[in-house]
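To start, the structure itself, in structure tokens.
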Amino acid sequence: MKKCIYCNREIPIKYLFKERNLDNIKCPYCSKKLKVNKISKLLSISLLILGISLISILPFKYHIKIIYIFIWIYLSSKVFRPLLYVYE
């Protein structure tokens with residue numbers, strides 16, 4: 001679970017999935033602004049690039065690769081980012 005650095009309460013994952021901008025969020029309890037850690041942001045970007053590069057070398061047809069890449073981009077932006085981000 002993610003914790004607020006100000007009030008030390010856990011931020012629910014459901015709250016993070018509902019947020020539009022995950023780079024800057026507000027704590028649902030104390031309403032302080034929290035900013036994403038640069039290391040966790042770099043980790044999520046590198047996971048995105050790694051997934052795209054692995055999909056591109058798979059022995060599938062071109063249009064299947066494109067579909068898988070779009071699915072991977074969606075999953076990494078909507079599912080993996082809220083799970084990987086650490087806030088400060």
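Here's how to read the names in the structure tokens: chain A, B, ... by the order shown, residue numbers from 1 in each chain, ligand numbers from 1 in the order shown.
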Based on the backbone DSSP call, show me all residues of chain A assigned strand (DSSP E), as a list in words.
Lys2, Lys3, Glu10, Ile11, Asn24, Ile25, Lys26, Lys33, Leu34 and Lys35 of chain A
Please produce an output containing N, CA and C atoms for each residue in the selection, written as a PDB file, in the first residue's frame.
```pdb
ATOM      1  N   LYS A   2       0.348   2.292  -0.579  1.00  0.00           N
ATOM      2  CA  LYS A   2       1.017   3.581  -0.603  1.00  0.00           C
ATOM      3  C   LYS A   2       0.659   4.337   0.681  1.00  0.00           C
ATOM      4  N   LYS A   3       1.621   5.077   1.215  1.00  0.00           N
ATOM      5  CA  LYS A   3       1.376   5.853   2.432  1.00  0.00           C
ATOM      6  C   LYS A   3       1.620   7.325   2.162  1.00  0.00           C
ATOM      7  N   GLU A  10      -2.545   5.008   4.932  1.00  0.00           N
ATOM      8  CA  GLU A  10      -2.432   4.287   3.672  1.00  0.00           C
ATOM      9  C   GLU A  10      -3.418   4.841   2.647  1.00  0.00           C
ATOM     10  N   ILE A  11      -2.927   5.050   1.440  1.00  0.00           N
ATOM     11  CA  ILE A  11      -3.763   5.512   0.336  1.00  0.00           C
ATOM     12  C   ILE A  11      -4.291   4.276  -0.379  1.00  0.00           C
ATOM     13  N   ASN A  24       0.740  13.837  -9.825  1.00  0.00           N
ATOM     14  CA  ASN A  24       0.458  14.680  -8.662  1.00  0.00           C
ATOM     15  C   ASN A  24      -0.926  14.321  -8.150  1.00  0.00           C
ATOM     16  N   ILE A  25      -0.977  13.803  -6.932  1.00  0.00           N
ATOM     17  CA  ILE A  25      -2.275  13.447  -6.350  1.00  0.00           C
ATOM     18  C   ILE A  25      -2.433  14.174  -5.024  1.00  0.00           C
ATOM     19  N   LYS A  26      -3.640  14.143  -4.520  1.00  0.00           N
ATOM     20  CA  LYS A  26      -3.922  14.657  -3.182  1.00  0.00           C
ATOM     21  C   LYS A  26      -4.241  13.485  -2.278  1.00  0.00           C
ATOM     22  N   LYS A  33      -0.806  17.723  -1.182  1.00  0.00           N
ATOM     23  CA  LYS A  33      -0.368  17.293  -2.508  1.00  0.00           C
ATOM     24  C   LYS A  33       0.839  16.364  -2.382  1.00  0.00           C
ATOM     25  N   LEU A  34       0.777  15.274  -3.115  1.00  0.00           N
ATOM     26  CA  LEU A  34       1.870  14.309  -3.155  1.00  0.00           C
ATOM     27  C   LEU A  34       2.389  14.207  -4.582  1.00  0.00           C
ATOM     28  N   LYS A  35       3.698  14.135  -4.702  1.00  0.00           N
ATOM     29  CA  LYS A  35       4.344  14.082  -6.008  1.00  0.00           C
ATOM     30  C   LYS A  35       5.018  12.727  -6.166  1.00  0.00           C
TER      31      LYS A  35
END
```
Members of chain A assigned alpha helix (DSSP H) by DSSP, as a ChimeraX atom specification
/A:13-18,38-56,62-75,81-84
Would you mind listing what lies within 10 Å of A:Ile52 as a list in words, with only C-alpha atoms counted and same-chain residues fewer than 6 positions away left out?
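Those residues are Ser46, Lys65, Ile66, Tyr68, Ile69, Phe70, Trp72 and Ile73 of chain A.
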Pick from A:Glu88, A:Lys78, A:Leu43, A:Leu48, whichever lies nearest to A:Arg20 using only C-alpha atoms
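For A:Arg20, the nearest of the candidates is A:Lys78.
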Between atom CA of A:Phe17 and atom CA of A:Ser76, what is the spacing in Å?
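Interatomic distance here is 12.2 Å.
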